[in-house]
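Before any comments, here is the structure.
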Amino acid sequence: MIRREGKRLNKGGEKDRERSGSRSGLTMRPGPIARNPHELYYLRMQRMREKTDKMEENKAKRKLRVCVATCNRADYSKLAPIMFGIKANPDEFELEVVVLGSHLIDDYGNTFRMIEQDDFDIGSKLHTIVRGEDEAAMVESVGLALVKLPDVLHRLRPDILVIHGDRFDALALATAAALMNIRILHLEGGEVSGTIDDSIRHAISKLAHYHACCTRTAEQHLIAMCEDHTRILLAGCPSYDKLLAAHHRDDYMDIIRNWLGDNVKEHDYIVALQHPVTTDIKNSVKIYELMLDALISFNKKTLVLFPNIDAGENVLHVRDADTQNKIYHALELQFGKRYPCSKIYGDGNAVPRILKFLQTIDLDEPLQKTFCFPPVKEWDISQDIDHILETQSALAVDLGGTNLRVAIVSMRGKMVKKYTQANPKTYETRMELILKMCTEAVIDAVHLNCRILGVGVSTGGRVNPQEGVILHSTKLIQEWSSIDIRTPISDALHLPVWVDNDGNCAALAEKKFGHGKGVENFVTIITGTGIGGGIIQHNELIHGSTFCAAELGHIMVSLDGPECMCGSRGCIEAYASGMALQKEAKRLHDEELLEVDGMVDLKKAESVSAIHLINAARLGNRKAEAVLRTAGMALGVGIVNILHMVNPSLVILSGVLAAHYQAPVQQVIGQRALTSAQNIQVLTSDLEEPALLGAASMVLDYTTRRIY
């Protein structure tokens, strides 16, 4: 039995040898019978070691399966150099290419053909775009991609998926890969553009396992986002490799001439690219229109790059816009300038670094990401979000005809602390007092846990906000014309300074803190000692070519009306301002026609004010009622003119006389405005300190927003 079993166990070896031996007359012992258990054990161990060594050898020779997914022509320009590098190393890598997004849309040129022309085999083409070019279409496109991607990724089974940038398509790729336990290498994470792209880019970075960033700043951003610094490669921009390697400018001029004609000269053309803000589609359309208008006016041959498929891009409607001058002026400043080469985006060796980085990836290390959270300081006091927001503050200055006021204003419009002094009569003493009060406020801000971001100044008169210069003052503030107020304040406090007139500041206050919040077009009118105001059109404050736009108090409503302080006659201010009402109150008092039963006795004409006129009218004084009726009519007619000129959707009355004028003005609009403007609402401001709040808003809006 043992002999037969031995033969069966060794039928491929010992049995054959036994037969062979019998033919030659030799007698051989069966092998298994002669081997003891220890010999068999060591033999099995040796074979296992050989098998393990062979597996390790095969593993060492195994190629890294890299799947590169490209969504549009823009990210392909960044991914193509890496794809060429992978393809050039067939012993190390196996390349799979997935194409989706706008690559496969006719309107965008079917740019997948570029990939095929570059001799890449496209493993999968996924139609993932839902047309519509609005927010809903982008969301639906992400959903469609998430439905289609699992089958592709399951079939390809890549070791690592390479994704670029901040496209919504890329977010779908990263989401699918992360949920399917596929490692992700994210290119150009950590960048900041100030749009919804930031949110998408950072979301992809959190899903990705490895990062290849372009700049030192982006690297620091990723580290600040708690990404493991050992998995972050500062590579540079892959497309920069090709740019720095190009030594022949003629190659690029051939491309330009192909689009703009053979007669185009070097340095005499413009390449225009508009990067819209997806979260603000309406404003993006306006800016695109302004850019096109400015380019047409600039009259240079221009190559305009076709927009991508984000919401707010594909709009062809163009209308006239008076603020195209800003873009035109920028073109004048930039055109023809030559700048030295900068290597902020790399030195031309990004692709070799990325390939080497891929080779170092250990597929046996845990797939689960780990985050490097910084130590958190334990606070003795509550640090809720309101408290944190209010530490960012502005220093607001208001120069009125009577008082000089300074306030520390929080991000939410809270007056943390306010200072008031009489406004001096001379320039020297006034500037000395301004600097003293501001310095005191800055010192107090430290103890109040307020970080001052800058200084905003509101003043009467005509102001050049670009230069921080008061051009012409009102008669109420003496020695206050042709004054550079920005420089001395900025030099003394080492803070940025913004300056505008009180009417414009009132409009800015309403835009940030009042009824104008979220309203695209509205007008604010100050009804106080004088009449002023500001106009917000398409969310921007209008200054005019010589900074006298919105001098609403000097709209003429009569050809032969009372004399105004501006030197003209028949202005709104000559009828409806506090000074005009005070003048009429004194006249009635001198004629002994002001006082009625119930009023406090007025002994001196100097003490008579507009308030006395209003009280007399409330008590039935017909003369006073007539004065106020005329004032309300004059203001209403002036506002009707404003409605017909700029067509706002809202009128906000501010100042001490606002509540008194609301009903008369609304009545005049209903009677005298065009039908399409009769339903425009007139509201009274709820803000107690519009000038100070407006001055603060200049600081808070500018210093806390990103401008690119």
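Please note that chains go A, B, ... in the order of the structure tokens, that every chain numbers its residues from 1, and that ligands are numbered from 1 in the order shown.
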
Who sits within 10 Å of Ile256 (chain A), only C-alpha atoms, same chain under 6 positions skipped, as a list in words | Asp250, Asp262, Val264, Lys265, Glu266, Tyr269, Ile270, Val271, Thr302 and Leu303 of chain A

Pick out the residues sitting within 10 Å of region 150-154 of chain A, and hand them over as a PyMOL selection string; count only C-alpha atoms, and ignore anything fewer than 5 positions along from it in its own chain.
-> chain A and resi 67+98+123-126+145+161+173+176-177+179-180+182

All residues 8 Å or closer to Ile639 (chain A), only C-alpha atoms, same chain fewer than 3 positions away omitted, as a PDB file with all heavy atoms, in the first residue's frame:
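See result03.pdb below for the written result:
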ATOM      1  N   LEU A 635     -39.102 118.519  -3.815  1.00  0.00           N
ATOM      2  CA  LEU A 635     -38.312 117.297  -3.672  1.00  0.00           C
ATOM      3  C   LEU A 635     -38.900 116.181  -4.517  1.00  0.00           C
ATOM      4  O   LEU A 635     -38.166 115.430  -5.183  1.00  0.00           O
ATOM      5  CB  LEU A 635     -38.256 116.882  -2.201  1.00  0.00           C
ATOM      6  CG  LEU A 635     -37.440 115.621  -1.886  1.00  0.00           C
ATOM      7  CD1 LEU A 635     -35.984 115.801  -2.302  1.00  0.00           C
ATOM      8  CD2 LEU A 635     -37.522 115.286  -0.395  1.00  0.00           C
ATOM      9  N   GLY A 636     -40.237 116.062  -4.514  1.00  0.00           N
ATOM     10  CA  GLY A 636     -40.891 115.024  -5.312  1.00  0.00           C
ATOM     11  C   GLY A 636     -40.641 115.176  -6.792  1.00  0.00           C
ATOM     12  O   GLY A 636     -40.354 114.198  -7.496  1.00  0.00           O
ATOM     13  N   ILE A 642     -35.132 112.138 -11.382  1.00  0.00           N
ATOM     14  CA  ILE A 642     -34.140 111.081 -11.167  1.00  0.00           C
ATOM     15  C   ILE A 642     -34.665 109.736 -11.677  1.00  0.00           C
ATOM     16  O   ILE A 642     -33.945 108.970 -12.330  1.00  0.00           O
ATOM     17  CB  ILE A 642     -33.777 110.984  -9.670  1.00  0.00           C
ATOM     18  CG1 ILE A 642     -33.113 112.273  -9.189  1.00  0.00           C
ATOM     19  CG2 ILE A 642     -32.857 109.794  -9.417  1.00  0.00           C
ATOM     20  CD1 ILE A 642     -32.955 112.355  -7.693  1.00  0.00           C
ATOM     21  N   LEU A 643     -35.935 109.454 -11.401  1.00  0.00           N
ATOM     22  CA  LEU A 643     -36.529 108.196 -11.858  1.00  0.00           C
ATOM     23  C   LEU A 643     -36.492 108.092 -13.372  1.00  0.00           C
ATOM     24  O   LEU A 643     -36.245 107.020 -13.938  1.00  0.00           O
ATOM     25  CB  LEU A 643     -37.974 108.077 -11.370  1.00  0.00           C
ATOM     26  CG  LEU A 643     -38.224 108.094  -9.862  1.00  0.00           C
ATOM     27  CD1 LEU A 643     -39.696 107.868  -9.571  1.00  0.00           C
ATOM     28  CD2 LEU A 643     -37.384 107.049  -9.159  1.00  0.00           C
ATOM     29  N   VAL A 665     -43.507 112.843  -1.254  1.00  0.00           N
ATOM     30  CA  VAL A 665     -42.733 112.404  -2.417  1.00  0.00           C
ATOM     31  C   VAL A 665     -43.424 111.246  -3.128  1.00  0.00           C
ATOM     32  O   VAL A 665     -43.526 111.219  -4.363  1.00  0.00           O
ATOM     33  CB  VAL A 665     -41.306 111.995  -1.982  1.00  0.00           C
ATOM     34  CG1 VAL A 665     -40.592 111.237  -3.098  1.00  0.00           C
ATOM     35  CG2 VAL A 665     -40.510 113.224  -1.589  1.00  0.00           C
ATOM     36  N   ILE A 669     -44.754 111.255  -7.068  1.00  0.00           N
ATOM     37  CA  ILE A 669     -44.363 110.218  -8.027  1.00  0.00           C
ATOM     38  C   ILE A 669     -45.600 109.605  -8.675  1.00  0.00           C
ATOM     39  O   ILE A 669     -45.652 109.406  -9.895  1.00  0.00           O
ATOM     40  CB  ILE A 669     -43.512 109.134  -7.334  1.00  0.00           C
ATOM     41  CG1 ILE A 669     -42.143 109.691  -6.932  1.00  0.00           C
ATOM     42  CG2 ILE A 669     -43.332 107.922  -8.243  1.00  0.00           C
ATOM     43  CD1 ILE A 669     -41.306 108.732  -6.121  1.00  0.00           C
TER      44      ILE A 669
END

Please run DSSP on the backbone and report, as an MDAnalysis selection string, all residues within region 449-484 of chain A that come out as strand (DSSP E or B).
-> chainID A and resid 451:459 462:464 469:472 483:484

Given the selection you just returned, output its residues as a file containing N, CA, C and O atoms, formatted as a short mmCIF file (atom, residue, chain, number, x, y, z; two decimals), in the first residue's frame.
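Result saved to part-v9.cif:
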data_model
loop_
_atom_site.label_atom_id
_atom_site.label_comp_id
_atom_site.auth_asym_id
_atom_site.auth_seq_id
_atom_site.Cartn_x
_atom_site.Cartn_y
_atom_site.Cartn_z
N ARG A 451 -9.69 94.68 15.15
CA ARG A 451 -8.57 94.87 14.24
C ARG A 451 -8.98 95.86 13.16
O ARG A 451 -9.84 95.58 12.34
N ILE A 452 -8.36 97.04 13.15
CA ILE A 452 -8.72 98.08 12.20
C ILE A 452 -8.12 97.75 10.84
O ILE A 452 -6.90 97.65 10.69
N LEU A 453 -8.98 97.61 9.83
CA LEU A 453 -8.54 97.26 8.49
C LEU A 453 -8.18 98.47 7.64
O LEU A 453 -7.43 98.36 6.67
N GLY A 454 -8.71 99.62 7.99
CA GLY A 454 -8.46 100.83 7.22
C GLY A 454 -9.33 101.96 7.72
O GLY A 454 -10.09 101.82 8.69
N VAL A 455 -9.23 103.11 7.05
CA VAL A 455 -9.96 104.31 7.46
C VAL A 455 -10.83 104.77 6.29
O VAL A 455 -10.36 104.88 5.15
N GLY A 456 -12.09 105.04 6.57
CA GLY A 456 -13.01 105.61 5.58
C GLY A 456 -13.42 107.01 6.02
O GLY A 456 -13.75 107.22 7.19
N VAL A 457 -13.39 107.95 5.09
CA VAL A 457 -13.70 109.34 5.41
C VAL A 457 -14.90 109.80 4.60
O VAL A 457 -14.91 109.67 3.37
N SER A 458 -15.91 110.33 5.28
CA SER A 458 -17.08 110.94 4.65
C SER A 458 -17.03 112.43 4.89
O SER A 458 -16.86 112.88 6.02
N THR A 459 -17.18 113.21 3.82
CA THR A 459 -17.11 114.66 3.96
C THR A 459 -18.05 115.32 2.98
O THR A 459 -18.39 114.74 1.93
N ARG A 462 -17.40 118.07 -3.11
CA ARG A 462 -17.07 117.21 -4.24
C ARG A 462 -15.71 116.58 -4.00
O ARG A 462 -14.73 117.27 -3.69
N VAL A 463 -15.64 115.24 -4.16
CA VAL A 463 -14.45 114.48 -3.78
C VAL A 463 -13.98 113.64 -4.96
O VAL A 463 -14.78 113.07 -5.70
N ASN A 464 -12.67 113.56 -5.13
CA ASN A 464 -12.06 112.61 -6.05
C ASN A 464 -11.64 111.39 -5.24
O ASN A 464 -10.60 111.38 -4.59
N VAL A 469 -8.78 113.16 -2.62
CA VAL A 469 -8.67 114.63 -2.56
C VAL A 469 -10.05 115.25 -2.53
O VAL A 469 -10.94 114.86 -3.30
N ILE A 470 -10.23 116.22 -1.62
CA ILE A 470 -11.46 117.01 -1.57
C ILE A 470 -11.30 118.16 -2.57
O ILE A 470 -10.46 119.04 -2.38
N LEU A 471 -12.08 118.14 -3.64
CA LEU A 471 -11.91 119.13 -4.71
C LEU A 471 -12.54 120.47 -4.33
O LEU A 471 -11.90 121.52 -4.40
N HIS A 472 -13.83 120.43 -3.96
CA HIS A 472 -14.54 121.65 -3.56
C HIS A 472 -15.42 121.31 -2.38
O HIS A 472 -16.16 120.33 -2.41
N ILE A 483 -7.88 119.68 -0.96
CA ILE A 483 -7.20 119.11 0.21
C ILE A 483 -6.95 117.62 -0.01
O ILE A 483 -7.88 116.85 -0.28
N ASP A 484 -5.70 117.19 0.08
CA ASP A 484 -5.36 115.77 0.07
C ASP A 484 -5.50 115.26 1.51
O ASP A 484 -4.62 115.47 2.35
#

Identify, on the basis of only C-alpha atoms, every residue whose closest approach to region 578-591 of chain A does not exceed 6 Å; exclude the query and any residue fewer than 3 positions from it along the same chain; express the result as an MDAnalysis selection string.
-> chainID A and resid 528:529 574:575 594 609:610 613

Smallest atom-to-atom distance to Met411 (chain A): which of A:Cys450, A:Val397, A:Cys71, A:Leu657, using only C-alpha atoms?
-> A:Cys450

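Taking CA of Glu479 (chain A) and CA of Tyr427 (chain A) as the two end points, the separation is 5.6 Å.
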
Distance criterion (only C-alpha atoms): nearest to Ala507 (chain A) out of A:Val608, A:Ile477, A:Ala88, A:Val651 = A:Val651
